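Novice: mmCIF, C-alpha atoms, file model_32.cif:
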data_target
loop_
_atom_site.label_atom_id
_atom_site.label_comp_id
_atom_site.auth_asym_id
_atom_site.auth_seq_id
_atom_site.Cartn_x
_atom_site.Cartn_y
_atom_site.Cartn_z
CA MET A 55 73.57 120.47 77.33
CA ASN A 56 76.81 118.53 78.01
CA LYS A 57 77.37 116.77 81.31
CA ILE A 58 80.17 118.29 83.35
CA PRO A 59 83.11 115.89 83.84
CA SER A 60 82.47 115.25 87.54
CA PHE A 61 79.04 113.83 86.65
CA THR A 62 80.67 111.29 84.32
CA ILE A 63 82.59 109.52 87.12
CA ASN A 64 81.03 106.18 87.97
CA HIS A 65 79.84 106.91 91.50
CA GLU A 66 78.71 103.29 91.90
CA GLN A 67 82.38 102.25 91.87
CA LEU A 68 83.91 105.31 93.54
CA LEU A 69 85.82 104.56 96.74
CA ARG A 70 86.83 106.88 99.53
CA GLY A 71 90.07 108.68 98.73
CA ILE A 72 91.81 111.64 97.14
CA TYR A 73 91.15 112.25 93.45
CA VAL A 74 92.14 114.88 90.91
CA SER A 75 88.77 116.15 89.77
CA ARG A 76 90.03 118.71 87.26
CA LYS A 77 92.81 121.10 86.35
CA ASP A 78 92.20 124.63 85.11
CA GLU A 79 94.56 127.28 83.80
CA ILE A 80 93.80 130.59 85.46
CA GLY A 81 95.99 133.63 84.84
CA GLY A 82 98.81 131.48 83.49
CA GLU A 83 98.77 129.16 86.52
CA ILE A 84 97.30 125.69 86.91
CA VAL A 85 94.74 125.20 89.68
CA THR A 86 94.11 121.58 90.65
CA THR A 87 90.73 120.65 92.10
CA PHE A 88 90.80 117.64 94.39
CA ASP A 89 87.85 115.45 95.32
CA ILE A 90 88.43 114.49 98.97
CA ARG A 91 85.89 111.67 99.12
CA MET A 92 85.10 110.65 102.69
CA LYS A 93 82.12 108.38 101.93
CA GLU A 94 81.36 105.83 99.22
CA PRO A 95 78.52 107.48 97.29
CA ASN A 96 75.13 105.79 97.52
CA ARG A 97 76.59 102.88 99.51
CA GLU A 98 77.04 104.38 102.94
CA PRO A 99 75.33 107.21 104.78
CA ALA A 100 76.41 110.72 103.79
CA LEU A 101 78.08 113.02 106.27
CA HIS A 102 75.74 114.74 108.68
CA PRO A 103 75.38 118.46 107.77
CA GLY A 104 76.64 119.55 111.19
CA ALA A 105 79.71 117.32 110.93
CA ILE A 106 80.68 118.41 107.41
CA HIS A 107 80.12 122.07 108.34
CA THR A 108 82.53 121.68 111.27
CA ILE A 109 85.00 119.79 109.05
CA GLU A 110 84.79 122.72 106.62
CA HIS A 111 85.62 125.29 109.31
CA LEU A 112 88.46 123.26 110.81
CA ALA A 113 90.02 122.10 107.53
CA ALA A 114 89.86 125.56 105.93
CA THR A 115 91.47 127.08 109.03
CA TYR A 116 94.16 124.39 109.21
CA LEU A 117 95.01 124.50 105.51
CA ARG A 118 95.30 128.30 105.42
CA ASN A 119 97.77 128.08 108.31
CA ASP A 120 99.84 125.12 107.10
CA GLU A 121 103.40 126.43 106.64
CA GLU A 122 104.11 124.27 103.59
CA TRP A 123 100.83 124.76 101.68
CA LYS A 124 99.07 127.93 102.89
CA GLU A 125 100.19 130.07 99.94
CA ARG A 126 98.72 127.53 97.50
CA VAL A 127 95.28 127.07 99.07
CA VAL A 128 92.50 128.55 96.94
CA TYR A 129 89.43 126.89 98.47
CA TRP A 130 88.16 124.12 100.75
CA GLY A 131 84.45 123.35 100.89
CA PRO A 132 81.84 120.61 101.11
CA MET A 133 80.23 118.77 98.22
CA GLY A 134 76.49 119.21 97.88
CA CYS A 135 76.02 115.43 98.12
CA LEU A 136 77.70 115.46 101.54
CA THR A 137 80.09 112.64 100.69
CA GLY A 138 83.24 114.73 100.73
CA ASN A 139 84.94 118.04 100.10
CA TYR A 140 86.67 119.94 97.34
CA LEU A 141 90.17 121.32 97.77
CA LEU A 142 91.54 123.73 95.18
CA LEU A 143 95.30 124.29 95.17
CA LYS A 144 97.58 126.35 92.95
CA GLY A 145 99.86 124.08 90.97
CA ASP A 146 99.80 121.15 88.58
CA LEU A 147 99.44 118.44 91.19
CA GLN A 148 98.59 114.75 91.53
CA SER A 149 96.64 113.00 94.28
CA ARG A 150 99.74 111.49 95.86
CA ASP A 151 101.25 115.00 96.24
CA ILE A 152 98.77 115.90 98.99
CA VAL A 153 98.43 112.64 100.94
CA GLU A 154 100.62 113.90 103.80
CA LEU A 155 98.78 117.24 103.84
CA MET A 156 95.45 115.43 104.09
CA LYS A 157 96.78 113.19 106.88
CA ARG A 158 97.84 116.26 108.86
CA THR A 159 94.52 118.02 108.15
CA PHE A 160 92.32 115.13 109.22
CA ARG A 161 94.53 114.38 112.25
CA PHE A 162 94.06 118.03 113.28
CA ILE A 163 90.28 117.68 113.01
CA ALA A 164 90.21 114.26 114.74
CA ASP A 165 92.16 115.66 117.70
CA PHE A 166 90.57 119.13 117.82
CA GLU A 167 89.22 120.40 121.12
CA GLY A 168 87.87 123.81 121.99
CA GLU A 169 85.97 126.52 120.17
CA ILE A 170 85.39 125.88 116.46
CA PRO A 171 87.02 128.73 114.51
CA GLY A 172 84.45 131.02 112.91
CA ALA A 173 81.47 129.40 114.63
CA ALA A 174 80.04 132.57 116.18
CA PRO A 175 76.94 134.40 114.86
CA LYS A 176 79.06 137.31 113.57
CA ASP A 177 81.40 134.93 111.68
CA CYS A 178 79.14 132.23 110.22
CA GLY A 179 75.86 132.18 108.31
CA ASN A 180 74.58 129.10 110.17
CA TYR A 181 76.61 129.05 113.38
CA LEU A 182 74.23 126.64 115.13
CA LEU A 183 74.81 123.89 112.52
CA HIS A 184 77.99 122.39 113.96
CA ASP A 185 78.76 118.97 115.38
CA LEU A 186 82.32 118.70 116.65
CA PRO A 187 82.02 115.17 118.09
CA MET A 188 80.78 113.79 114.73
CA ALA A 189 83.36 115.84 112.78
CA ARG A 190 86.08 114.32 114.95
CA TRP A 191 84.63 110.81 114.58
CA GLU A 192 84.26 111.04 110.79
CA SER A 193 87.75 112.53 110.40
CA LYS A 194 89.36 109.84 112.53
CA LYS A 195 87.53 107.14 110.55
CA PHE A 196 88.71 108.61 107.21
CA LEU A 197 92.25 109.04 108.53
CA LYS A 198 92.56 105.51 109.92
CA GLU A 199 90.67 103.59 107.23
CA VAL A 200 91.79 105.46 104.11
CA LEU A 201 94.57 108.01 104.45
CA GLU A 202 96.96 106.02 106.65
CA ASN A 203 96.73 103.00 104.30
CA ILE A 204 96.10 104.72 100.99
CA LYS A 205 96.25 102.59 97.85
CA ASP A 206 96.29 103.44 94.15
CA GLU A 207 92.56 102.63 93.95
CA ASN A 208 91.96 105.49 96.40
CA LEU A 209 93.97 107.93 94.28
CA HIS A 210 92.58 107.42 90.77
CA TYR A 211 88.97 107.59 89.62
CA PRO A 212 87.47 104.25 88.51
CA GLU A 213 87.51 103.60 84.78
#
Once more with this new file: its structure as structure tokens, please.
Specialist:
Amino acid sequence: MNKIPSFTINHEQLLRGIYVSRKDEIGGEIVTTFDIRMKEPNREPALHPGAIHTIEHLAATYLRNDEEWKERVVYWGPMGCLTGNYLLLKGDLQSRDIVELMKRTFRFIADFEGEIPGAAPKDCGNYLLHDLPMARWESKKFLKEVLENIKDENLHYPE
């Protein structure tokens, strides 16, 4: 059985950043899958499940309400390894195209106060698994350390 392309990326050299993971043609349109990598794999602790679950709820809500991008959002969700998230957008896009969108998204999460959208028993399959303080902390860290000073090495997978 062939390895899928995302398992061929050298995770020992992968930095935090925004990467184009793949592009697929669906119904005559290109869908770009982005790897929004918040942690260096195997070199720093993964995101806590409660934090990444809250990031998922807040980012998905924000993105689907963003005036510029909401019609292009297909999916936002966490990676199984808990080092980041996947964002699927309609369009043939590059990492640099969504830097400002990611800054706005993570600023929204870092500054969020109040009830987490969709975090009630009738709305969520694991409504008790949320951690807003850690979601805010992790989002602020990613925003300040990566997104606000993004470099080419944070936008292209390592060779």
Novice: If the PyMOL selection byres ((chain A and resi 146) around 10) were run on this exact file, what residues would it hold? Put them as a list in words.
Specialist: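 Answer for the PyMOL selection byres ((chain A and resi 146) around 10): Lys77, Asp78, Glu79, Glu83, Ile84, Val85, Thr86, Thr87, Leu143, Lys144, Gly145, Leu147, Gln148 and Asp151 of chain A.
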Novice: Please write the residues picked by the PyMOL selection byres ((chain A and resi 207) around 12) on this file as a list in words.
Specialist: Gln67, Leu68, Leu69, Arg70, Gly71, Ile72, Tyr73, Ser149, Arg150, Val200, Leu201, Asn203, Ile204, Lys205, Asp206, Asn208, Leu209, His210, Tyr211, Pro212 and Glu213 of chain A
Novice: What does the distance from atom CA of Lys194 of chain A to atom CA of Ala105 of chain A come to in Å, to one decimal?
Specialist: 12.3 Å
Novice: Which of these residues is nearest to Glu94 of chain A, using all atoms listed in the file: A:His65, A:Phe166, A:Lys176, A:Gly134?
Specialist: A:His65
Novice: So, with all atoms listed in the file as the atoms that count, which of A:Glu121, A:Glu110, A:Glu154, A:Glu202 lies closest to Leu183 of chain A?
Specialist: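 With all atoms listed in the file as the atom set, the closest residue is A:Glu110.
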Novice: Calculated over only C-alpha atoms, which of the candidates A:His111, A:Glu122, A:Asp177, A:Arg76 has the smallest distance to Ile163 of chain A?
Specialist: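 Checking each candidate against Ile163 of chain A, we get A:His111 as the closest.
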Novice: Run the PyMOL selection byres ((chain A and resi 116) around 10) against the file shown and list the residues it catches, as a list in words.
Specialist: Glu110, His111, Leu112, Ala113, Ala114, Thr115, Leu117, Arg118, Asn119, Asp120, Glu121, Lys124, Arg158, Thr159, Phe160, Phe162, Ile163 and Pro171 of chain A
Novice: Hey, which of A:Trp130, A:Tyr140, A:Trp191, A:Phe88 ends up closest to Asp165 of chain A? Count all atoms listed in the file.
Specialist: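 The answer is A:Trp191, which sits nearest to Asp165 of chain A.
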Novice: One decimal, in Å: what's the spacing between atom CA of Gly138 of chain A and atom CA of Ala189 of chain A?
Specialist: 12.1 Å
Novice: Using only C-alpha atoms, find all polymer residues with an atom at most 12 Å away from the point (80.6, 117.2, 101.4); report them as a PyMOL selection string.
Specialist: chain A and resi 89-95+99-110+130-141+189+192
Novice: Can you work out which one of A:Lys57, A:Val153, A:Gly168, A:Glu125 has the shortest atom-to-atom distance to Arg190 of chain A, counting all atoms listed in the file?
Specialist: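 Under the stated criterion, the closest residue is A:Gly168.
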Novice: Report the distance between atom CA of Arg97 of chain A and atom CA of Thr62 of chain A in Å, rounded to one decimal place.
Specialist: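 So the two atoms, atom CA of Arg97 of chain A and atom CA of Thr62 of chain A, lie 17.8 Å apart.
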Novice: Of the residues A:Val127, A:Met188, A:Ile80, A:Ile63, which is the one nearest to Leu155 of chain A, using only C-alpha atoms?
Specialist: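 Selected residue with least distance to Leu155 of chain A: A:Val127.
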Novice: Box in all listed atoms of segment 136-146 of chain A, axis-aligned, with 8 Å more on each side; write out centre and edge lengths in Å to one decimal as JSON.
Specialist:
{"center_x": 88.8, "center_y": 119.5, "center_z": 95.1, "size_x": 38.2, "size_y": 29.7, "size_z": 29.0}
